[in-house]
Each structure stands twice: as structure tokens, then as C-alpha cells.
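S.K.: Hey, dropping protein-v7.cif in here, mmCIF, C-alpha atoms:
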data_my_file
loop_
_atom_site.label_atom_id
_atom_site.label_comp_id
_atom_site.auth_asym_id
_atom_site.auth_seq_id
_atom_site.Cartn_x
_atom_site.Cartn_y
_atom_site.Cartn_z
CA MET A 22 7.23 7.75 13.03
CA ASP A 23 10.93 7.69 13.74
CA VAL A 24 11.95 4.45 15.40
CA LYS A 25 15.20 3.52 17.05
CA ASP A 26 15.99 0.03 18.31
CA GLY A 27 12.35 -0.87 17.74
CA ARG A 28 10.91 2.05 19.73
CA THR A 29 9.49 5.37 18.63
CA VAL A 30 11.56 8.42 19.38
CA LYS A 31 11.27 12.17 18.98
CA GLY A 32 8.66 13.94 20.94
CA VAL A 33 5.89 11.43 21.01
CA ASN A 34 4.12 12.52 24.12
CA PHE A 35 0.73 10.98 24.51
CA VAL A 36 -0.90 10.87 27.87
CA ASP A 37 -3.38 8.26 26.71
CA LEU A 38 -0.81 5.68 25.69
CA ARG A 39 0.54 3.24 28.22
CA ASP A 40 3.94 3.43 26.62
CA ALA A 41 4.68 6.37 24.34
CA GLY A 42 7.68 4.58 22.91
CA ASP A 43 5.69 1.55 21.83
CA ALA A 44 5.56 1.88 18.06
CA VAL A 45 2.91 -0.79 17.71
CA GLU A 46 0.55 0.90 20.12
CA LEU A 47 1.14 4.26 18.48
CA ALA A 48 0.53 2.79 15.03
CA ALA A 49 -2.74 1.27 16.19
CA TYR A 50 -3.75 4.61 17.68
CA TYR A 51 -3.15 6.45 14.40
CA ALA A 52 -4.92 3.76 12.38
CA GLU A 53 -7.92 4.10 14.65
CA GLN A 54 -7.80 7.90 14.30
CA GLY A 55 -8.12 7.53 10.53
CA ALA A 56 -4.57 7.82 9.20
CA ASP A 57 -4.56 6.37 5.67
CA GLU A 58 -1.01 5.09 5.70
CA LEU A 59 1.86 5.04 8.16
CA VAL A 60 5.56 5.46 7.54
CA PHE A 61 8.20 4.09 9.88
CA LEU A 62 11.66 5.50 9.55
CA ASP A 63 14.35 3.47 11.27
CA ILE A 64 17.13 5.62 12.63
CA THR A 65 18.96 2.80 14.38
CA ALA A 66 22.64 3.47 13.94
CA THR A 67 24.12 -0.01 14.01
CA HIS A 68 23.55 -2.80 11.57
CA GLU A 69 23.27 -5.45 14.30
CA LYS A 70 20.24 -3.79 15.80
CA ARG A 71 18.32 -3.84 12.53
CA LYS A 72 16.91 -7.19 13.52
CA THR A 73 14.71 -5.31 15.97
CA LEU A 74 13.22 -3.42 13.02
CA VAL A 75 12.14 -6.65 11.36
CA GLU A 76 10.54 -7.78 14.61
CA LEU A 77 8.77 -4.44 14.86
CA VAL A 78 7.49 -4.68 11.28
CA GLN A 79 6.10 -8.11 12.07
CA LYS A 80 4.30 -6.84 15.17
CA VAL A 81 2.89 -3.84 13.31
CA ALA A 82 1.68 -6.00 10.43
CA LYS A 83 -0.08 -8.32 12.86
CA GLU A 84 -1.87 -5.42 14.48
CA LEU A 85 -2.59 -3.02 11.62
CA ASN A 86 -5.20 -3.19 8.87
CA ILE A 87 -3.97 -0.21 6.85
CA PRO A 88 -0.89 -0.01 4.61
CA PHE A 89 2.49 1.00 5.96
CA THR A 90 5.91 1.86 4.60
CA VAL A 91 9.26 1.15 6.22
CA GLY A 92 12.45 3.05 5.51
CA GLY A 93 15.86 3.88 6.87
CA GLY A 94 19.15 2.24 5.98
CA ILE A 95 17.78 0.01 3.24
CA SER A 96 20.49 -0.65 0.68
CA THR A 97 19.98 -4.07 -0.92
CA PRO A 98 17.17 -6.18 -2.40
CA GLU A 99 17.81 -8.63 0.46
CA ASP A 100 16.97 -5.91 3.02
CA VAL A 101 13.74 -5.25 1.16
CA GLY A 102 12.81 -8.92 0.87
CA VAL A 103 13.13 -9.38 4.61
CA LEU A 104 10.95 -6.35 5.40
CA LEU A 105 8.24 -7.25 2.87
CA ASN A 106 8.15 -10.82 4.12
CA ALA A 107 7.75 -9.49 7.64
CA GLY A 108 4.59 -7.72 6.45
CA ALA A 109 5.60 -4.24 5.27
CA ASP A 110 3.59 -3.04 2.25
CA LYS A 111 6.22 -0.70 0.86
CA VAL A 112 9.78 0.31 1.56
CA SER A 113 11.29 3.73 1.16
CA ILE A 114 14.83 4.14 -0.08
CA ASN A 115 16.88 7.30 -0.04
CA SER A 116 20.70 7.49 0.19
CA ALA A 117 21.32 4.02 -1.22
CA ALA A 118 19.36 4.97 -4.35
CA VAL A 119 21.37 8.16 -4.80
CA ARG A 120 24.62 6.22 -4.47
CA ASN A 121 23.37 3.40 -6.70
CA PRO A 122 20.35 4.36 -8.84
CA GLN A 123 20.30 0.83 -10.25
CA LEU A 124 18.87 -0.24 -6.88
CA ILE A 125 15.54 1.34 -7.86
CA SER A 126 15.18 -0.80 -10.98
CA ASP A 127 16.45 -3.91 -9.20
CA LEU A 128 13.76 -3.49 -6.55
CA ALA A 129 11.05 -2.61 -9.07
CA LYS A 130 11.81 -5.73 -11.10
CA ARG A 131 12.00 -8.04 -8.15
CA PHE A 132 9.18 -6.72 -5.96
CA GLY A 133 7.14 -4.44 -8.23
CA SER A 134 7.11 -0.64 -8.46
CA GLN A 135 4.11 -0.45 -6.15
CA CYS A 136 6.28 -1.11 -3.11
CA VAL A 137 9.22 1.11 -4.02
CA VAL A 138 8.95 4.58 -2.50
CA LEU A 139 11.78 6.93 -3.33
CA ALA A 140 12.33 9.35 -0.47
CA VAL A 141 14.16 12.55 -1.39
CA ASP A 142 15.42 15.26 0.92
CA ALA A 143 15.88 18.46 -1.02
CA LYS A 144 17.02 21.97 -0.30
CA CYS A 145 16.61 25.11 -2.36
CA ILE A 146 19.54 27.51 -2.49
CA ASP A 147 19.36 30.56 -4.76
CA GLY A 148 16.45 29.06 -6.65
CA ASN A 149 18.16 25.72 -7.31
CA TRP A 150 16.70 22.59 -5.78
CA GLU A 151 19.38 20.10 -4.85
CA VAL A 152 19.17 16.56 -3.45
CA TYR A 153 20.67 16.20 0.04
CA LEU A 154 21.58 13.18 2.12
CA ASN A 155 21.87 12.58 5.86
CA GLY A 156 18.80 14.58 6.76
CA GLY A 157 19.86 17.63 4.82
CA ARG A 158 23.49 17.78 5.90
CA LEU A 159 25.19 16.36 2.84
CA PRO A 160 24.74 18.02 -0.57
CA THR A 161 25.00 15.72 -3.58
CA GLY A 162 25.21 18.18 -6.45
CA ILE A 163 22.22 16.38 -8.01
CA ASP A 164 19.33 18.45 -9.33
CA LEU A 165 16.04 17.50 -7.66
CA PHE A 166 13.92 17.51 -10.83
CA GLU A 167 16.42 15.48 -12.85
CA TRP A 168 16.71 12.94 -10.04
CA ILE A 169 12.96 12.47 -9.78
CA VAL A 170 12.48 12.03 -13.53
CA LYS A 171 15.28 9.47 -13.54
CA ALA A 172 13.84 7.65 -10.52
CA GLU A 173 10.46 7.36 -12.23
CA GLN A 174 12.11 5.95 -15.34
CA LEU A 175 13.99 3.44 -13.22
CA GLY A 176 10.74 2.22 -11.71
CA ALA A 177 10.04 4.11 -8.47
CA GLY A 178 6.36 3.73 -7.59
CA GLU A 179 5.98 6.79 -5.40
CA ILE A 180 8.01 9.85 -4.52
CA LEU A 181 8.20 11.18 -0.97
CA ILE A 182 9.63 14.68 -1.08
CA THR A 183 10.82 16.45 2.03
CA SER A 184 11.77 20.06 1.60
CA MET A 185 14.54 20.85 4.07
CA ASN A 186 13.66 24.53 3.65
CA HIS A 187 10.17 23.87 4.98
CA ASP A 188 10.71 20.94 7.36
CA GLY A 189 10.23 22.01 10.96
CA THR A 190 9.07 25.53 10.04
CA LYS A 191 5.34 24.79 10.37
CA ASN A 192 4.79 27.38 7.65
CA GLY A 193 3.34 25.03 5.05
CA PHE A 194 4.63 22.63 2.41
CA ALA A 195 6.82 23.51 -0.62
CA ASN A 196 3.76 23.76 -2.82
CA GLU A 197 5.16 25.46 -5.88
CA THR A 198 7.92 22.90 -6.28
CA LEU A 199 5.64 20.00 -5.40
CA ALA A 200 3.15 21.07 -8.07
CA GLU A 201 5.91 21.28 -10.64
CA ILE A 202 7.07 17.76 -9.76
CA SER A 203 3.59 16.32 -9.58
CA GLU A 204 2.88 17.52 -13.11
CA MET A 205 6.19 16.22 -14.36
CA VAL A 206 5.78 12.61 -13.22
CA ASN A 207 3.03 10.03 -13.57
CA ILE A 208 3.44 8.47 -10.12
CA PRO A 209 2.04 9.66 -6.78
CA VAL A 210 3.87 12.45 -4.98
CA ILE A 211 3.80 12.61 -1.18
CA ALA A 212 4.40 16.04 0.31
CA SER A 213 6.50 16.20 3.47
CA GLY A 214 7.95 18.99 5.56
CA GLY A 215 6.25 22.09 6.81
CA ALA A 216 2.83 21.07 8.11
CA GLY A 217 1.73 23.46 10.84
CA ASN A 218 -2.03 23.77 10.55
CA MET A 219 -4.98 22.24 8.72
CA GLU A 220 -4.94 24.86 5.98
CA HIS A 221 -1.44 23.74 5.01
CA PHE A 222 -2.79 20.29 4.20
CA ALA A 223 -5.55 21.72 2.02
CA ASP A 224 -3.00 23.98 0.31
CA THR A 225 -0.64 21.14 -0.53
CA PHE A 226 -3.45 19.08 -2.07
CA ILE A 227 -4.83 22.01 -4.08
CA GLU A 228 -1.86 24.28 -4.87
CA GLY A 229 0.85 21.67 -4.39
CA LYS A 230 -1.09 19.04 -6.40
CA ALA A 231 0.19 16.46 -3.93
CA ASP A 232 -1.37 13.00 -3.93
CA ALA A 233 -0.76 12.55 -0.22
CA ALA A 234 0.65 14.55 2.67
CA LEU A 235 2.90 13.29 5.41
CA ALA A 236 3.40 14.84 8.82
CA ALA A 237 4.79 13.74 12.15
CA SER A 238 5.16 16.25 14.95
CA VAL A 239 1.84 18.08 14.47
CA PHE A 240 0.15 14.71 15.04
CA HIS A 241 2.51 13.51 17.76
CA PHE A 242 1.94 16.70 19.76
CA LYS A 243 -1.78 16.69 18.98
CA GLU A 244 -1.59 20.13 17.42
CA ILE A 245 -3.74 18.63 14.69
CA GLU A 246 -6.08 15.70 15.25
CA ILE A 247 -6.61 13.45 12.26
CA PRO A 248 -10.43 13.15 12.45
CA GLU A 249 -10.77 16.93 12.62
CA LEU A 250 -8.27 17.38 9.77
CA LYS A 251 -10.18 14.97 7.55
CA LYS A 252 -13.48 16.72 8.22
CA TYR A 253 -11.84 20.02 7.35
CA LEU A 254 -10.44 18.65 4.08
CA LYS A 255 -13.76 17.11 3.14
CA ALA A 256 -15.49 20.44 3.68
CA LYS A 257 -12.95 21.89 1.21
CA ASN A 258 -14.06 19.28 -1.35
CA ILE A 259 -10.83 17.34 -1.13
CA PRO A 260 -11.68 13.64 -1.39
CA VAL A 261 -10.76 11.93 1.88
CA ARG A 262 -11.69 8.67 3.55
CA ILE A 263 -13.73 9.31 6.68
CA MET B 5 -16.57 -16.55 14.12
CA LYS B 6 -17.07 -19.99 12.54
CA LYS B 7 -14.15 -22.38 13.04
CA GLN B 8 -12.97 -23.39 9.64
CA ASN B 9 -10.07 -24.49 7.58
CA ILE B 10 -8.98 -21.61 5.36
CA VAL B 11 -6.04 -22.18 3.02
CA ILE B 12 -4.02 -19.38 1.44
CA ILE B 13 -2.47 -20.52 -1.83
CA ASP B 14 1.27 -20.03 -1.61
CA TYR B 15 2.82 -19.66 -5.04
CA ASP B 16 5.62 -17.25 -4.17
CA ALA B 17 3.69 -14.25 -5.49
CA GLY B 18 4.04 -11.46 -3.04
CA ASN B 19 3.28 -10.64 0.51
CA ILE B 20 0.84 -13.17 1.90
CA GLN B 21 1.78 -12.41 5.51
CA SER B 22 -0.66 -9.50 5.62
CA VAL B 23 -3.53 -11.68 4.44
CA LYS B 24 -2.64 -14.30 7.02
CA TYR B 25 -2.45 -11.72 9.79
CA ALA B 26 -5.83 -10.27 8.77
CA PHE B 27 -7.50 -13.65 9.33
CA GLU B 28 -5.62 -14.12 12.58
CA ARG B 29 -7.08 -10.84 13.82
CA LEU B 30 -10.49 -12.45 13.22
CA GLY B 31 -9.53 -15.51 15.25
CA ILE B 32 -8.79 -17.84 12.35
CA THR B 33 -5.35 -19.27 11.65
CA PRO B 34 -5.15 -19.97 7.94
CA ILE B 35 -2.89 -22.59 6.45
CA VAL B 36 -0.44 -21.33 3.86
CA SER B 37 0.17 -24.06 1.32
CA LYS B 38 0.90 -24.98 -2.27
CA ASP B 39 -0.05 -28.63 -1.70
CA LYS B 40 -2.92 -29.59 -3.99
CA ALA B 41 -4.52 -31.98 -1.52
CA VAL B 42 -4.43 -29.38 1.24
CA ILE B 43 -5.98 -26.76 -1.04
CA ARG B 44 -8.64 -29.15 -2.32
CA ASN B 45 -9.67 -30.11 1.23
CA ALA B 46 -9.97 -26.55 2.52
CA ASP B 47 -13.33 -25.14 3.60
CA LYS B 48 -12.32 -21.94 1.85
CA VAL B 49 -9.44 -20.87 -0.33
CA ILE B 50 -7.69 -17.52 -0.63
CA PHE B 51 -5.89 -16.80 -3.87
CA PRO B 52 -3.69 -13.76 -3.21
CA GLY B 53 -1.18 -12.11 -5.46
CA VAL B 54 1.14 -9.18 -5.73
CA GLY B 55 3.51 -8.77 -8.64
CA GLU B 56 3.63 -9.22 -12.38
CA ALA B 57 0.98 -11.36 -14.12
CA SER B 58 3.06 -13.48 -16.52
CA TRP B 59 5.56 -14.19 -13.78
CA ALA B 60 2.76 -15.17 -11.40
CA MET B 61 1.09 -17.46 -13.99
CA ASN B 62 4.43 -19.07 -14.56
CA SER B 63 4.78 -19.63 -10.86
CA LEU B 64 1.30 -21.24 -10.74
CA LYS B 65 2.37 -23.47 -13.59
CA GLU B 66 5.58 -24.50 -11.86
CA ASN B 67 3.55 -25.41 -8.80
CA ASP B 68 1.08 -27.33 -10.96
CA LEU B 69 -1.88 -25.24 -9.74
CA ILE B 70 -3.32 -24.00 -13.04
CA ASP B 71 -5.89 -26.76 -13.47
CA LEU B 72 -6.70 -27.01 -9.78
CA ILE B 73 -7.98 -23.49 -9.08
CA PRO B 74 -10.84 -23.31 -11.65
CA GLU B 75 -12.03 -26.74 -10.48
CA LEU B 76 -12.37 -25.82 -6.81
CA LYS B 77 -15.90 -26.20 -5.44
CA GLN B 78 -15.58 -24.38 -2.11
CA PRO B 79 -15.68 -20.55 -1.87
CA VAL B 80 -12.52 -19.05 -3.34
CA LEU B 81 -11.47 -15.44 -2.81
CA GLY B 82 -9.01 -13.89 -5.25
CA ILE B 83 -7.28 -10.73 -4.11
CA CYS B 84 -5.72 -8.07 -6.37
CA LEU B 85 -3.50 -9.91 -8.88
CA GLY B 86 -5.30 -13.08 -7.77
CA MET B 87 -8.54 -11.58 -9.09
CA GLN B 88 -6.90 -10.59 -12.38
CA LEU B 89 -5.49 -14.08 -12.85
CA MET B 90 -9.01 -15.49 -12.43
CA CYS B 91 -9.97 -13.70 -15.68
CA GLU B 92 -9.49 -14.93 -19.28
CA SER B 93 -6.32 -13.04 -19.97
CA THR B 94 -4.46 -9.90 -19.06
CA GLU B 95 -2.64 -7.28 -21.09
CA GLU B 96 0.15 -7.47 -18.53
CA GLY B 97 2.82 -9.52 -20.28
CA ASN B 98 0.08 -10.66 -22.76
CA THR B 99 -0.77 -13.43 -20.38
CA LYS B 100 -3.39 -16.14 -20.70
CA ALA B 101 -4.96 -16.56 -17.28
CA LEU B 102 -7.28 -19.03 -15.51
CA GLY B 103 -10.48 -18.15 -17.38
CA ILE B 104 -12.97 -18.22 -14.48
CA PHE B 105 -14.38 -14.76 -15.25
CA PRO B 106 -15.11 -14.16 -18.95
CA VAL B 107 -13.21 -10.89 -19.33
CA SER B 108 -9.81 -9.57 -20.34
CA VAL B 109 -7.81 -7.43 -17.93
CA LYS B 110 -6.70 -4.09 -19.38
CA ARG B 111 -4.05 -1.54 -18.52
CA PHE B 112 -5.10 1.90 -17.31
CA THR B 113 -4.31 4.65 -19.79
CA ASN B 114 -1.89 7.29 -18.54
CA GLU B 115 -4.53 10.02 -18.32
CA GLN B 116 -3.95 10.01 -14.59
CA LYS B 117 -1.23 8.58 -12.43
CA VAL B 118 -0.69 4.84 -12.74
CA PRO B 119 -0.68 2.70 -10.60
CA HIS B 120 -4.02 3.52 -9.07
CA MET B 121 -2.69 3.59 -5.55
CA GLY B 122 -4.54 4.52 -2.42
CA TRP B 123 -8.04 4.68 -0.99
CA ASN B 124 -11.00 4.85 -3.33
CA GLN B 125 -14.74 4.45 -3.10
CA LEU B 126 -16.83 1.34 -3.71
CA ASP B 127 -20.21 1.62 -5.43
CA ASP B 128 -22.94 -0.48 -7.06
CA LEU B 129 -22.57 -2.95 -4.21
CA LYS B 130 -24.42 -6.18 -4.72
CA GLY B 131 -24.40 -7.71 -1.24
CA GLY B 132 -22.95 -11.14 -0.51
CA LEU B 133 -19.25 -10.57 -0.08
CA LEU B 134 -19.97 -6.86 0.42
CA ASN B 135 -22.80 -7.14 2.92
CA GLY B 136 -22.89 -4.27 5.41
CA ILE B 137 -20.69 -1.99 3.30
CA LYS B 138 -22.32 1.30 2.41
CA PRO B 139 -22.01 2.92 -1.04
CA SER B 140 -19.03 5.28 -1.28
CA GLU B 141 -17.09 3.64 1.54
CA PHE B 142 -13.35 3.49 0.91
CA SER B 143 -11.05 0.56 0.36
CA TYR B 144 -7.36 0.36 -0.48
CA PHE B 145 -6.18 -0.25 -4.06
CA VAL B 146 -2.78 -0.75 -5.67
CA HIS B 147 -2.92 -1.77 -9.33
CA SER B 148 -2.03 -0.72 -12.87
CA TYR B 149 -4.40 -3.10 -14.67
CA TYR B 150 -8.17 -3.31 -14.25
CA VAL B 151 -11.12 -5.56 -14.93
CA PRO B 152 -13.84 -3.74 -16.92
CA LEU B 153 -17.43 -3.81 -15.64
CA ILE B 154 -19.10 -7.14 -16.49
CA GLU B 155 -22.19 -9.07 -15.50
CA GLU B 156 -20.23 -10.68 -12.64
CA THR B 157 -19.25 -7.29 -11.16
CA ILE B 158 -20.52 -7.03 -7.57
CA ALA B 159 -18.85 -3.69 -6.76
CA SER B 160 -17.49 -0.93 -8.93
CA CYS B 161 -14.89 1.75 -8.47
CA ASP B 162 -13.93 4.69 -10.65
CA TYR B 163 -10.39 5.69 -11.59
CA ILE B 164 -9.77 6.96 -15.13
CA VAL B 165 -12.60 4.56 -16.09
CA PRO B 166 -15.25 2.72 -14.08
CA PHE B 167 -13.95 -0.76 -13.30
CA SER B 168 -14.76 -3.88 -11.29
CA ALA B 169 -13.76 -3.60 -7.64
CA ALA B 170 -15.20 -7.03 -6.90
CA LEU B 171 -16.50 -10.00 -8.88
CA GLN B 172 -18.51 -13.11 -8.19
CA LYS B 173 -19.41 -16.15 -10.24
CA ASP B 174 -20.78 -19.23 -8.45
CA ASN B 175 -18.26 -20.11 -5.70
CA PHE B 176 -15.62 -17.73 -7.05
CA TYR B 177 -15.26 -14.34 -5.36
CA ALA B 178 -12.64 -11.73 -6.05
CA CYS B 179 -11.70 -8.22 -5.08
CA GLN B 180 -9.31 -5.81 -6.72
CA PHE B 181 -8.76 -3.91 -3.48
CA HIS B 182 -6.85 -5.33 -0.54
CA PRO B 183 -9.35 -6.30 2.17
CA GLU B 184 -6.42 -7.03 4.49
CA LYS B 185 -5.38 -3.37 4.22
CA SER B 186 -8.77 -1.69 3.94
CA GLY B 187 -9.50 -0.94 7.57
CA ASP B 188 -13.04 -1.69 8.78
CA VAL B 189 -14.39 -2.13 5.24
CA GLY B 190 -11.84 -4.86 4.62
CA VAL B 191 -12.71 -6.54 7.91
CA LYS B 192 -16.35 -6.70 6.77
CA VAL B 193 -15.35 -8.32 3.48
CA LEU B 194 -13.26 -10.97 5.20
CA LYS B 195 -15.97 -11.66 7.77
CA ASN B 196 -18.55 -11.99 5.00
CA PHE B 197 -16.28 -14.45 3.24
CA ILE B 198 -15.79 -16.46 6.40
CA ASN B 199 -19.56 -16.52 6.95
CA LEU B 200 -20.44 -17.67 3.42
#
How does the structure come out when it is put into C-alpha cells?
M.R.:
Amino acid sequence: MDVKDGRTVKGVNFVDLRDAGDAVELAAYYAEQGADELVFLDITATHEKRKTLVELVQKVAKELNIPFTVGGGISTPEDVGVLLNAGADKVSINSAAVRNPQLISDLAKRFGSQCVVLAVDAKCIDGNWEVYLNGGRLPTGIDLFEWIVKAEQLGAGEILITSMNHDGTKNGFANETLAEISEMVNIPVIASGGAGNMEHFADTFIEGKADAALAASVFHFKEIEIPELKKYLKAKNIPVRI
Amino acid sequence: MKKQNIVIIDYDAGNIQSVKYAFERLGITPIVSKDKAVIRNADKVIFPGVGEASWAMNSLKENDLIDLIPELKQPVLGICLGMQLMCESTEEGNTKALGIFPVSVKRFTNEQKVPHMGWNQLDDLKGGLLNGIKPSEFSYFVHSYYVPLIEETIASCDYIVPFSAALQKDNFYACQFHPEKSGDVGVKVLKNFINL
């Protein structure tokens, strides 16, 4: 869920919610539908408004009985401390970790690896996977595989990989690359970017060897309903909580 | 739900907000405290924990809580690291722990991804704390160290090896999973604990 100034944005269009922008209500809806974890990405532009994120995290934690991750603009251990104290289970870091990899180990030491999710946006050009920042607009010159190995060594507890080549295409996840990464590291890999139908989820668990799959718009627009998706995956012998 | 005085032990080890909120959803407002008298006078005590074992034991020591916890007479529920600290010792930081459960906590081998993070199934359920939970129902785990199966095991789980998902000895209860994050299954565990 993308949130801005404490409210969900981007195409959330439920008829059965009183307020489609109410992140707490939406979170409760997904929890009830059987989502296993939720991720909130704060896209609030200004630093002053970040206080609303902390308030949101608190409200979500009061309401929700499943784990959730909060990300977006986190750059210091202090930021993380505030969010965890408000009730977040994990935080995801992205640009700040690329600019200062030491942040990963600082967070792992202070809060434990289990709550440090490294989010990576990557793009493949001519067969080379490169780490990008700013939602895929800013190339870093850093090789995706090298970055992930380094992040694991520094203490990242999970890796959330979004393929910019697949994101928004609805043609499936970047399974070949995900499988390569999943075999390379000993921490869970979350696949993101490309979900269009239920088969894509099965594919990313089987071919992509992903430990979890993340999607937004297919759920927001009810193109896929979570209970139906989980039944489908179970029928394919993929272990899911129903 | 029975009105009662539930105290969450506050020893600066991790996120206790979620545990507090989970009880509040059940209509109980727990007290969060490190005061020995407050803990001793509770109807029930929650011993949470997220973080590293030797650091957490040190924090218990600094708060002068090491002798208090094993002597408590009311129902005590250890959660996650709290459960591991209720054992004899743990391989994490080669730490001597509280010694309530006669077992040493071991680290998972790296045959699969560690930490064991996510939803996994409970089995060999022995009632009590787990009343109303069906075999193979899922709960939420995050841990790199595990308690082997022992006589006091009241639920098992399997990841790399079979291990204890929950323990009980006299008034001491413990679960490796996070009931506060385990959806309806977790709600049942907390309700069972409240109703003990």
C-alpha cells in the first residue's frame, strides 16, 4: 500500500470501504481476506509530514493481528526506532542503504536482522541487472547480485526485489533472476513487480523460488482476490495459510 | 472476557507495543512495567522479547529481574525470545538463561534459510494454552534459534528440524511464535491464557 500524508493513494477503489483512502480500514480488510503480511510504503514528500506516518503505524498496529512492514524515506536508526516503537514489525530501507551500506549493519545490530528488509529496485539492460533508485529513474552503477550478497553479509534479514522491467506489465515476476538470487542468499526473498494473474504467483514460488510474493494493484482493483488465490496455490501444492 | 491485571515485563527488549495492543483488542489493558512489586502482584505475567539473547539477559540483570521470574506463582507466558530465555541456556551468545525449562536452545543449521520467518503449522497440540486450535493451523514465527522437542512441549512445528512451538511446565507457558501477530490462531492462544 502506498501511503501519502497518512492516507492510501494510487488506485485503491473499493466500493465496500467507507473511505478508500483510509489505510487502517484497508489494512484490516486485507488481513481479513487472508493476506499474510502487509507493506506500507510512505511516499510523503516532506519531512514534516512524516509524523503522520508514525500515527498511522500506531493505528494499524492497534487494529491488525498480522505482521506489517513500513518503508519509505527511512535513513537513520532513529527513524527505525520510532516506527518499531509505534508497532511496526519490520522496516524496509532502500536508497539510504545504497548511499550508506553501513546503515544495514547499524540497524541489524541495534534492532535485529529480523526487522531489516532491504528493498531493491532493479532494471535489466542488455543482460545486466543494475540497482536503481527513485522508483527506477536513477541508475546507481551497482550490480544487483553484488549488492544483495553484500546486504546479506551486512545483516539484512529479508530482500524485497522489484524488477522495474516487470513492474506494471502484469506479465509475471522476474523468475529467472529471482531464482538465481534466492539460491545465492540464505535469507528470504520477496518477489515484487509483474503480478497479473494467479498463475504468476504459482510461477514465482516454483520457478522463481521466491519465499513470498508482493502485489498491490491486482489486489486493489480486485483483479485477484486473496482467498481465491490462496486456494489456487494450495491446489498447486504450494504451502499457504488458509 | 475476565477482568484481570495482566503485566507485561518491560526490560527494553523489543517491540512490546504489539503485545499490548493484542490484549487491548480483547478488552484488557495490560500494565507495562519493570517494577518487581507490580509484576509480583499481577494476575498474569507476559514475558516478551525480541532481540539478541545475551543482550536481553543482561538487560534482565540490570533490571534485577533474573531471580524474580522463575519464582512467579501466577501464570506466566513467554513469547519468542522470552520463551528461549525461560530455558537453561542458549547457543545465542553462549548465554545462561533462567532455567525454568530443562533444555538448551540451539541454532538452526543453514540447510534452509535462517531466520525461520513467516507462517508455519502447529502440530501435536496438547490443549490448555492451545485449546480450540486445530492441527496444522498456521502461526507466525521469526527466530534463528529453537527449543528441541522435550517432555514440556505442548505444540510442535517443523522447520529444518522438528522443534517446540509451545511449552508448559506448571504455571509457566511459552510460545515460540508470536500470538500477537498470528491472526485468529494467536487470538485463541491469548484468550486461552486469559481464561486460565
S.K.: What residues in chain A have any atom no more than 10 Å from chain B when counting only C-alpha atoms, and can you write them as a VMD selection string?
M.R.: chain A and resid 52 to 53 55 57 to 58 79 to 80 82 to 89 102 105 to 110 129 to 136 178 to 179 203 to 204 206 to 210 232 to 233 260 to 263
S.K.: I'd like the interatomic distance between CA of Arg44 (chain B) and CA of Gly31 (chain B), to a tenth of an Å.
M.R.: 22.3 Å
S.K.: For the file shown, report as a short mmCIF file (atom, residue, chain, number, x, y, z; two decimals) with C-alpha atoms, keeping the file's coordinate frame the outcome of the PyMOL selection byres ((chain B and resi 38) around 6) at residue level.
M.R.:
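Everything below was put into selection.cif:
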data_model
loop_
_atom_site.label_atom_id
_atom_site.label_comp_id
_atom_site.auth_asym_id
_atom_site.auth_seq_id
_atom_site.Cartn_x
_atom_site.Cartn_y
_atom_site.Cartn_z
CA ILE B 13 -2.47 -20.52 -1.83
CA ASP B 14 1.27 -20.03 -1.61
CA SER B 37 0.17 -24.06 1.32
CA ASP B 39 -0.05 -28.63 -1.70
#
S.K.: What does the distance from CA of Gln123 (chain A) to CA of Gly176 (chain A) come to in Å, to one decimal?
M.R.: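 Taking CA of Gln123 (chain A) and CA of Gly176 (chain A), their separation equals 9.8 Å.
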S.K.: Please write the residues picked by the PyMOL selection byres ((chain B and resi 200) around 12) on this file as a list in words.
M.R.: Met5, Lys6, Gln8, Asp47, Lys48, Gln78, Pro79, Val80, Leu81, Gly131, Gly132, Leu133, Leu134, Asn135, Asp174, Asn175, Phe176, Tyr177, Val193, Leu194, Lys195, Asn196, Phe197, Ile198 and Asn199 of chain B
S.K.: Calculate how many Å separate CA of Tyr150 (chain B) from CA of Val112 (chain A), rounding to one decimal.
M.R.: 24.2 Å
S.K.: Starting from the displayed file, determine the output of the PyMOL selection byres ((chain A and resi 231) around 10) and express the residue list as a ChimeraX atom specification.
M.R.: /A:194,196,199-200,202-204,209-213,222-230,232-234
S.K.: Which polymer residues have any atom within 9 Å of an atom of Cys179 (chain B), counting only C-alpha atoms, with same-chain residues fewer than 2 positions away left out, as a list in words?
M.R.: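 What passes the distance filter is Leu81, Gly82, Ile83, Cys84, Gly86, Met87, Ala159, Ser168, Ala169, Ala170, Leu171, Gln172, Tyr177, Phe181, His182 and Pro183 of chain B.
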